[in-house]
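Content type mmCIF, N, CA and C atoms, from the file my_file-v7.cif:
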data_protein
#
loop_
_atom_site.label_atom_id
_atom_site.label_comp_id
_atom_site.auth_asym_id
_atom_site.auth_seq_id
_atom_site.Cartn_x
_atom_site.Cartn_y
_atom_site.Cartn_z
N MET L 3 90.40 85.44 97.48
CA MET L 3 90.76 86.82 97.32
C MET L 3 89.68 87.74 97.88
N LEU L 4 88.41 87.35 97.69
CA LEU L 4 87.32 88.15 98.26
C LEU L 4 87.43 88.25 99.76
N LEU L 5 87.77 87.14 100.41
CA LEU L 5 87.89 87.14 101.87
C LEU L 5 89.00 88.08 102.34
N GLU L 6 90.06 88.19 101.56
CA GLU L 6 91.18 89.04 101.96
C GLU L 6 90.94 90.51 101.67
N THR L 7 90.17 90.83 100.64
CA THR L 7 90.08 92.21 100.18
C THR L 7 88.77 92.92 100.50
N GLN L 8 87.74 92.22 100.85
CA GLN L 8 86.44 92.84 101.05
C GLN L 8 86.06 92.91 102.52
N ASP L 9 85.47 94.02 102.92
CA ASP L 9 84.95 94.15 104.28
C ASP L 9 83.68 93.34 104.46
N ARG L 10 82.91 93.24 103.38
CA ARG L 10 81.64 92.49 103.42
C ARG L 10 81.60 91.50 102.25
N MET L 11 81.18 90.30 102.56
CA MET L 11 81.10 89.26 101.55
C MET L 11 79.71 89.27 100.91
N PRO L 12 79.62 89.35 99.58
CA PRO L 12 78.31 89.27 98.93
C PRO L 12 77.61 87.95 99.27
N LEU L 13 76.33 88.02 99.55
CA LEU L 13 75.57 86.83 99.96
C LEU L 13 75.54 85.74 98.90
N LYS L 14 75.72 86.09 97.64
CA LYS L 14 75.67 85.05 96.61
C LYS L 14 76.84 84.08 96.72
N PHE L 15 77.88 84.44 97.48
CA PHE L 15 79.03 83.57 97.65
C PHE L 15 79.00 82.75 98.93
N MET L 16 78.04 83.00 99.80
CA MET L 16 78.03 82.27 101.07
C MET L 16 76.61 81.98 101.52
N ARG L 17 76.50 80.96 102.37
CA ARG L 17 75.22 80.65 103.00
C ARG L 17 75.48 79.99 104.34
N ILE L 18 74.51 80.11 105.22
CA ILE L 18 74.65 79.49 106.54
C ILE L 18 74.23 78.02 106.43
N ILE L 19 75.03 77.15 107.02
CA ILE L 19 74.73 75.72 107.05
C ILE L 19 73.96 75.40 108.32
N GLU L 20 74.48 75.86 109.44
CA GLU L 20 73.80 75.74 110.72
C GLU L 20 74.45 76.73 111.67
N ASP L 21 74.04 76.74 112.89
CA ASP L 21 74.48 77.72 113.87
C ASP L 21 76.00 77.94 113.84
N GLY L 22 76.43 79.06 113.31
CA GLY L 22 77.84 79.42 113.31
C GLY L 22 78.71 78.77 112.26
N LEU L 23 78.15 77.93 111.41
CA LEU L 23 78.91 77.27 110.35
C LEU L 23 78.37 77.75 109.00
N TYR L 24 79.28 78.25 108.17
CA TYR L 24 78.91 78.80 106.87
C TYR L 24 79.61 78.07 105.75
N GLU L 25 79.08 78.26 104.54
CA GLU L 25 79.65 77.65 103.36
C GLU L 25 79.99 78.76 102.37
N LEU L 26 81.24 78.78 101.91
CA LEU L 26 81.70 79.73 100.89
C LEU L 26 81.64 79.01 99.55
N ARG L 27 81.00 79.63 98.56
CA ARG L 27 80.86 79.02 97.24
C ARG L 27 81.85 79.67 96.27
N ILE L 28 82.59 78.84 95.58
CA ILE L 28 83.61 79.32 94.65
C ILE L 28 83.49 78.54 93.35
N GLU L 29 83.60 79.25 92.23
CA GLU L 29 83.67 78.59 90.94
C GLU L 29 85.03 78.89 90.34
N TYR L 30 85.72 77.84 89.93
CA TYR L 30 87.06 77.99 89.37
C TYR L 30 87.21 77.04 88.19
N GLU L 31 87.52 77.59 87.03
CA GLU L 31 87.70 76.83 85.80
C GLU L 31 86.53 75.88 85.54
N GLY L 32 85.33 76.37 85.75
CA GLY L 32 84.12 75.60 85.47
C GLY L 32 83.73 74.60 86.54
N ASN L 33 84.51 74.47 87.60
CA ASN L 33 84.19 73.57 88.70
C ASN L 33 83.67 74.38 89.88
N ILE L 34 82.79 73.77 90.66
CA ILE L 34 82.22 74.43 91.82
C ILE L 34 82.82 73.81 93.08
N TYR L 35 83.31 74.69 93.96
CA TYR L 35 83.92 74.25 95.20
C TYR L 35 83.20 74.89 96.37
N ARG L 36 83.24 74.21 97.51
CA ARG L 36 82.67 74.72 98.75
C ARG L 36 83.74 74.64 99.83
N ILE L 37 83.80 75.70 100.64
CA ILE L 37 84.70 75.74 101.78
C ILE L 37 83.89 76.14 102.99
N PHE L 38 83.97 75.36 104.05
CA PHE L 38 83.25 75.69 105.28
C PHE L 38 84.08 76.64 106.12
N PHE L 39 83.40 77.55 106.82
CA PHE L 39 84.10 78.49 107.67
C PHE L 39 83.20 78.97 108.79
N CYS L 40 83.82 79.67 109.75
CA CYS L 40 83.07 80.33 110.81
C CYS L 40 83.76 81.64 111.13
N PHE L 41 83.11 82.44 111.91
CA PHE L 41 83.69 83.70 112.37
C PHE L 41 84.17 83.53 113.80
N ASP L 42 85.25 84.18 114.12
CA ASP L 42 85.76 84.16 115.48
C ASP L 42 85.77 85.61 115.97
N LYS L 43 85.03 85.87 117.01
CA LYS L 43 84.88 87.21 117.57
C LYS L 43 84.34 88.21 116.57
N GLY L 44 83.54 87.73 115.62
CA GLY L 44 82.85 88.60 114.70
C GLY L 44 83.64 89.11 113.52
N TYR L 45 84.93 88.90 113.47
CA TYR L 45 85.67 89.44 112.34
C TYR L 45 86.76 88.53 111.79
N ILE L 46 87.22 87.57 112.53
CA ILE L 46 88.24 86.68 112.01
C ILE L 46 87.56 85.48 111.36
N VAL L 47 87.92 85.19 110.13
CA VAL L 47 87.33 84.05 109.44
C VAL L 47 88.28 82.86 109.58
N ILE L 48 87.74 81.75 110.04
CA ILE L 48 88.50 80.51 110.17
C ILE L 48 88.00 79.54 109.11
N LEU L 49 88.87 79.11 108.22
CA LEU L 49 88.49 78.19 107.14
C LEU L 49 88.72 76.75 107.57
N PHE L 50 87.75 75.90 107.24
CA PHE L 50 87.85 74.48 107.56
C PHE L 50 88.02 73.69 106.27
N ASN L 51 87.39 72.55 106.18
CA ASN L 51 87.53 71.69 105.02
C ASN L 51 86.81 72.25 103.80
N GLY L 52 87.28 71.83 102.64
CA GLY L 52 86.66 72.20 101.38
C GLY L 52 86.52 70.97 100.51
N PHE L 53 85.67 71.08 99.50
CA PHE L 53 85.44 69.95 98.61
C PHE L 53 84.85 70.45 97.30
N GLN L 54 84.94 69.62 96.28
CA GLN L 54 84.32 69.94 95.00
C GLN L 54 82.89 69.44 95.03
N LYS L 55 81.97 70.33 94.78
CA LYS L 55 80.56 69.96 94.84
C LYS L 55 80.12 69.42 93.49
N LYS L 56 79.55 68.22 93.51
CA LYS L 56 79.12 67.57 92.28
C LYS L 56 77.63 67.31 92.24
N THR L 57 76.95 67.56 93.36
CA THR L 57 75.50 67.35 93.42
C THR L 57 74.85 68.61 93.98
N GLN L 58 73.53 68.69 93.93
CA GLN L 58 72.81 69.86 94.45
C GLN L 58 72.90 69.95 95.97
N LYS L 59 72.88 68.80 96.64
CA LYS L 59 72.86 68.78 98.09
C LYS L 59 74.27 68.65 98.65
N THR L 60 74.56 69.42 99.70
CA THR L 60 75.85 69.34 100.36
C THR L 60 75.94 68.01 101.11
N PRO L 61 76.99 67.23 100.86
CA PRO L 61 77.11 65.93 101.53
C PRO L 61 77.16 66.06 103.06
N VAL L 62 76.39 65.24 103.74
CA VAL L 62 76.34 65.25 105.20
C VAL L 62 77.72 64.96 105.78
N SER L 63 78.48 64.09 105.15
CA SER L 63 79.82 63.75 105.66
C SER L 63 80.73 64.97 105.68
N GLU L 64 80.60 65.85 104.70
CA GLU L 64 81.41 67.07 104.66
C GLU L 64 80.98 68.05 105.75
N ILE L 65 79.69 68.14 105.99
CA ILE L 65 79.18 69.00 107.07
C ILE L 65 79.66 68.49 108.41
N GLU L 66 79.59 67.19 108.63
CA GLU L 66 80.06 66.60 109.89
C GLU L 66 81.55 66.84 110.09
N LYS L 67 82.34 66.72 109.02
CA LYS L 67 83.77 66.97 109.11
C LYS L 67 84.03 68.43 109.52
N ALA L 68 83.30 69.36 108.93
CA ALA L 68 83.45 70.78 109.26
C ALA L 68 83.06 71.05 110.71
N LYS L 69 82.00 70.43 111.17
CA LYS L 69 81.56 70.60 112.56
C LYS L 69 82.62 70.09 113.53
N LYS L 70 83.24 68.97 113.17
CA LYS L 70 84.29 68.40 114.02
C LYS L 70 85.50 69.34 114.07
N LEU L 71 85.90 69.87 112.92
CA LEU L 71 87.04 70.79 112.87
C LEU L 71 86.74 72.09 113.61
N LYS L 72 85.52 72.56 113.51
CA LYS L 72 85.12 73.77 114.24
C LYS L 72 85.22 73.53 115.74
N LYS L 73 84.72 72.39 116.20
CA LYS L 73 84.78 72.05 117.62
C LYS L 73 86.23 71.95 118.08
N GLU L 74 87.07 71.28 117.29
CA GLU L 74 88.48 71.15 117.64
C GLU L 74 89.15 72.52 117.73
N TYR L 75 88.80 73.43 116.82
CA TYR L 75 89.37 74.77 116.85
C TYR L 75 89.01 75.47 118.15
N TYR L 76 87.72 75.49 118.50
CA TYR L 76 87.30 76.19 119.71
C TYR L 76 87.81 75.49 120.98
N ASP L 77 87.90 74.16 120.95
CA ASP L 77 88.47 73.44 122.09
C ASP L 77 89.93 73.82 122.30
N SER L 78 90.68 73.95 121.20
CA SER L 78 92.11 74.29 121.30
C SER L 78 92.31 75.72 121.80
N LYS L 79 91.36 76.60 121.53
CA LYS L 79 91.46 77.98 122.02
C LYS L 79 91.24 78.05 123.52
N GLY L 80 90.48 77.10 124.04
CA GLY L 80 90.18 77.10 125.46
C GLY L 80 91.34 76.62 126.32
N LYS L 81 92.35 76.06 125.70
CA LYS L 81 93.49 75.50 126.45
C LYS L 81 94.57 76.52 126.63
#

Could I get this file's structure written as structure tokens?
Amino acid sequence: MLLETQDRMPLKFMRIIEDGLYELRIEYEGNIYRIFFCFDKGYIVILFNGFQKKTQKTPVSEIEKAKKLKKEYYDSKGK
């Protein structure tokens, strides 16, 4: 809902993972979830994979999956 209604996202809900890949933090019914995303042309948000976070560190496998989906997205735009 924040993504749909707000012009600016509060920093407490997001963090940069690496160049152009971000993590959105959500708490719902006592569970913590993460959704990876990127910006397209500075204003369109593209959402990738999400997962329930159970440890302090973001799993490398989830980051790799998001990077792959991001690459596939940009590759498909080039066609």

When the PyMOL selection byres ((chain L and resi 39) around 6) is applied to the structure above, which residues does it catch, written out as a PyMOL selection string?
chain L and resi 22-26+37-38+40-41+48-50

Please identify the strand (DSSP E) residues within chain L (assignment by DSSP from backbone atoms) and present them as a PDB file with N, CA and C atoms, keeping the file's coordinate frame.
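Result written to states-v4.pdb:
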ATOM      1  N   MET L  16      78.040  83.000  99.800  1.00  0.00           N
ATOM      2  CA  MET L  16      78.030  82.270 101.070  1.00  0.00           C
ATOM      3  C   MET L  16      76.610  81.980 101.520  1.00  0.00           C
ATOM      4  N   ARG L  17      76.500  80.960 102.370  1.00  0.00           N
ATOM      5  CA  ARG L  17      75.220  80.650 103.000  1.00  0.00           C
ATOM      6  C   ARG L  17      75.480  79.990 104.340  1.00  0.00           C
ATOM      7  N   ILE L  18      74.510  80.110 105.220  1.00  0.00           N
ATOM      8  CA  ILE L  18      74.650  79.490 106.540  1.00  0.00           C
ATOM      9  C   ILE L  18      74.230  78.020 106.430  1.00  0.00           C
ATOM     10  N   ILE L  19      75.030  77.150 107.020  1.00  0.00           N
ATOM     11  CA  ILE L  19      74.730  75.720 107.050  1.00  0.00           C
ATOM     12  C   ILE L  19      73.960  75.400 108.320  1.00  0.00           C
ATOM     13  N   GLU L  20      74.480  75.860 109.440  1.00  0.00           N
ATOM     14  CA  GLU L  20      73.800  75.740 110.720  1.00  0.00           C
ATOM     15  C   GLU L  20      74.450  76.730 111.670  1.00  0.00           C
ATOM     16  N   LEU L  23      78.150  77.930 111.410  1.00  0.00           N
ATOM     17  CA  LEU L  23      78.910  77.270 110.350  1.00  0.00           C
ATOM     18  C   LEU L  23      78.370  77.750 109.000  1.00  0.00           C
ATOM     19  N   TYR L  24      79.280  78.250 108.170  1.00  0.00           N
ATOM     20  CA  TYR L  24      78.910  78.800 106.870  1.00  0.00           C
ATOM     21  C   TYR L  24      79.610  78.070 105.750  1.00  0.00           C
ATOM     22  N   GLU L  25      79.080  78.260 104.540  1.00  0.00           N
ATOM     23  CA  GLU L  25      79.650  77.650 103.360  1.00  0.00           C
ATOM     24  C   GLU L  25      79.990  78.760 102.370  1.00  0.00           C
ATOM     25  N   LEU L  26      81.240  78.780 101.910  1.00  0.00           N
ATOM     26  CA  LEU L  26      81.700  79.730 100.890  1.00  0.00           C
ATOM     27  C   LEU L  26      81.640  79.010  99.550  1.00  0.00           C
ATOM     28  N   ARG L  27      81.000  79.630  98.560  1.00  0.00           N
ATOM     29  CA  ARG L  27      80.860  79.020  97.240  1.00  0.00           C
ATOM     30  C   ARG L  27      81.850  79.670  96.270  1.00  0.00           C
ATOM     31  N   ILE L  28      82.590  78.840  95.580  1.00  0.00           N
ATOM     32  CA  ILE L  28      83.610  79.320  94.650  1.00  0.00           C
ATOM     33  C   ILE L  28      83.490  78.540  93.350  1.00  0.00           C
ATOM     34  N   GLU L  29      83.600  79.250  92.230  1.00  0.00           N
ATOM     35  CA  GLU L  29      83.670  78.590  90.940  1.00  0.00           C
ATOM     36  C   GLU L  29      85.030  78.890  90.340  1.00  0.00           C
ATOM     37  N   TYR L  30      85.720  77.840  89.930  1.00  0.00           N
ATOM     38  CA  TYR L  30      87.060  77.990  89.370  1.00  0.00           C
ATOM     39  C   TYR L  30      87.210  77.040  88.190  1.00  0.00           C
ATOM     40  N   ASN L  33      84.510  74.470  87.600  1.00  0.00           N
ATOM     41  CA  ASN L  33      84.190  73.570  88.700  1.00  0.00           C
ATOM     42  C   ASN L  33      83.670  74.380  89.880  1.00  0.00           C
ATOM     43  N   ILE L  34      82.790  73.770  90.660  1.00  0.00           N
ATOM     44  CA  ILE L  34      82.220  74.430  91.820  1.00  0.00           C
ATOM     45  C   ILE L  34      82.820  73.810  93.080  1.00  0.00           C
ATOM     46  N   TYR L  35      83.310  74.690  93.960  1.00  0.00           N
ATOM     47  CA  TYR L  35      83.920  74.250  95.200  1.00  0.00           C
ATOM     48  C   TYR L  35      83.200  74.890  96.370  1.00  0.00           C
ATOM     49  N   ARG L  36      83.240  74.210  97.510  1.00  0.00           N
ATOM     50  CA  ARG L  36      82.670  74.720  98.750  1.00  0.00           C
ATOM     51  C   ARG L  36      83.740  74.640  99.830  1.00  0.00           C
ATOM     52  N   ILE L  37      83.800  75.700 100.640  1.00  0.00           N
ATOM     53  CA  ILE L  37      84.700  75.740 101.780  1.00  0.00           C
ATOM     54  C   ILE L  37      83.890  76.140 102.990  1.00  0.00           C
ATOM     55  N   PHE L  38      83.970  75.360 104.050  1.00  0.00           N
ATOM     56  CA  PHE L  38      83.250  75.690 105.280  1.00  0.00           C
ATOM     57  C   PHE L  38      84.080  76.640 106.120  1.00  0.00           C
ATOM     58  N   PHE L  39      83.400  77.550 106.820  1.00  0.00           N
ATOM     59  CA  PHE L  39      84.100  78.490 107.670  1.00  0.00           C
ATOM     60  C   PHE L  39      83.200  78.970 108.790  1.00  0.00           C
ATOM     61  N   CYS L  40      83.820  79.670 109.750  1.00  0.00           N
ATOM     62  CA  CYS L  40      83.070  80.330 110.810  1.00  0.00           C
ATOM     63  C   CYS L  40      83.760  81.640 111.130  1.00  0.00           C
ATOM     64  N   PHE L  41      83.110  82.440 111.910  1.00  0.00           N
ATOM     65  CA  PHE L  41      83.690  83.700 112.370  1.00  0.00           C
ATOM     66  C   PHE L  41      84.170  83.530 113.800  1.00  0.00           C
ATOM     67  N   ASP L  42      85.250  84.180 114.120  1.00  0.00           N
ATOM     68  CA  ASP L  42      85.760  84.160 115.480  1.00  0.00           C
ATOM     69  C   ASP L  42      85.770  85.610 115.970  1.00  0.00           C
ATOM     70  N   ILE L  46      87.220  87.570 112.530  1.00  0.00           N
ATOM     71  CA  ILE L  46      88.240  86.680 112.010  1.00  0.00           C
ATOM     72  C   ILE L  46      87.560  85.480 111.360  1.00  0.00           C
ATOM     73  N   VAL L  47      87.920  85.190 110.130  1.00  0.00           N
ATOM     74  CA  VAL L  47      87.330  84.050 109.440  1.00  0.00           C
ATOM     75  C   VAL L  47      88.280  82.860 109.580  1.00  0.00           C
ATOM     76  N   ILE L  48      87.740  81.750 110.040  1.00  0.00           N
ATOM     77  CA  ILE L  48      88.500  80.510 110.170  1.00  0.00           C
ATOM     78  C   ILE L  48      88.000  79.540 109.110  1.00  0.00           C
ATOM     79  N   LEU L  49      88.870  79.110 108.220  1.00  0.00           N
ATOM     80  CA  LEU L  49      88.490  78.190 107.140  1.00  0.00           C
ATOM     81  C   LEU L  49      88.720  76.750 107.570  1.00  0.00           C
ATOM     82  N   PHE L  50      87.750  75.900 107.240  1.00  0.00           N
ATOM     83  CA  PHE L  50      87.850  74.480 107.560  1.00  0.00           C
ATOM     84  C   PHE L  50      88.020  73.690 106.270  1.00  0.00           C
ATOM     85  N   ASN L  51      87.390  72.550 106.180  1.00  0.00           N
ATOM     86  CA  ASN L  51      87.530  71.690 105.020  1.00  0.00           C
ATOM     87  C   ASN L  51      86.810  72.250 103.800  1.00  0.00           C
ATOM     88  N   GLY L  52      87.280  71.830 102.640  1.00  0.00           N
ATOM     89  CA  GLY L  52      86.660  72.200 101.380  1.00  0.00           C
ATOM     90  C   GLY L  52      86.520  70.970 100.510  1.00  0.00           C
ATOM     91  N   PHE L  53      85.670  71.080  99.500  1.00  0.00           N
ATOM     92  CA  PHE L  53      85.440  69.950  98.610  1.00  0.00           C
ATOM     93  C   PHE L  53      84.850  70.450  97.300  1.00  0.00           C
ATOM     94  N   GLN L  54      84.940  69.620  96.280  1.00  0.00           N
ATOM     95  CA  GLN L  54      84.320  69.940  95.000  1.00  0.00           C
ATOM     96  C   GLN L  54      82.890  69.440  95.030  1.00  0.00           C
TER      97      GLN L  54
END

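Here atom CA of L:Asn51 stands at a distance of 7.3 Å from atom CA of L:Lys67.
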
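A straight line drawn from atom CA of L:Lys72 to atom CA of L:Ile28 is 20.4 Å long.
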
Evaluate the PyMOL selection byres ((chain L and resi 55) around 6) and record the selected residues as a ChimeraX atom specification, following the chain and residue labels used in the document.
/L:34-36,53-54,56-57

Using the selection just defined, write its residues with N, CA and C atoms as an mmCIF file, in the coordinates of the input.
data_model
loop_
_atom_site.group_PDB
_atom_site.id
_atom_site.type_symbol
_atom_site.label_atom_id
_atom_site.label_comp_id
_atom_site.auth_asym_id
_atom_site.auth_seq_id
_atom_site.Cartn_x
_atom_site.Cartn_y
_atom_site.Cartn_z
ATOM 1 N N ILE L 34 82.790 73.770 90.660
ATOM 2 C CA ILE L 34 82.220 74.430 91.820
ATOM 3 C C ILE L 34 82.820 73.810 93.080
ATOM 4 N N TYR L 35 83.310 74.690 93.960
ATOM 5 C CA TYR L 35 83.920 74.250 95.200
ATOM 6 C C TYR L 35 83.200 74.890 96.370
ATOM 7 N N ARG L 36 83.240 74.210 97.510
ATOM 8 C CA ARG L 36 82.670 74.720 98.750
ATOM 9 C C ARG L 36 83.740 74.640 99.830
ATOM 10 N N PHE L 53 85.670 71.080 99.500
ATOM 11 C CA PHE L 53 85.440 69.950 98.610
ATOM 12 C C PHE L 53 84.850 70.450 97.300
ATOM 13 N N GLN L 54 84.940 69.620 96.280
ATOM 14 C CA GLN L 54 84.320 69.940 95.000
ATOM 15 C C GLN L 54 82.890 69.440 95.030
ATOM 16 N N LYS L 56 79.550 68.220 93.510
ATOM 17 C CA LYS L 56 79.120 67.570 92.280
ATOM 18 C C LYS L 56 77.630 67.310 92.240
ATOM 19 N N THR L 57 76.950 67.560 93.360
ATOM 20 C CA THR L 57 75.500 67.350 93.420
ATOM 21 C C THR L 57 74.850 68.610 93.980
#

I'd like to know which residues of chain L are helix (DSSP H, G or I) (by DSSP, run on the backbone); could you write them as a list in words?
Leu4, Leu5, Glu6, Thr7, Leu13, Lys14, Phe15, Val62, Ser63, Glu64, Ile65, Glu66, Lys67, Ala68, Lys69, Lys70, Leu71, Lys72, Lys73, Glu74, Tyr75, Tyr76, Asp77, Ser78 and Lys79 of chain L

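Here atom CA of L:Arg17 is placed at a distance of 24.9 Å from atom N of L:Lys79.
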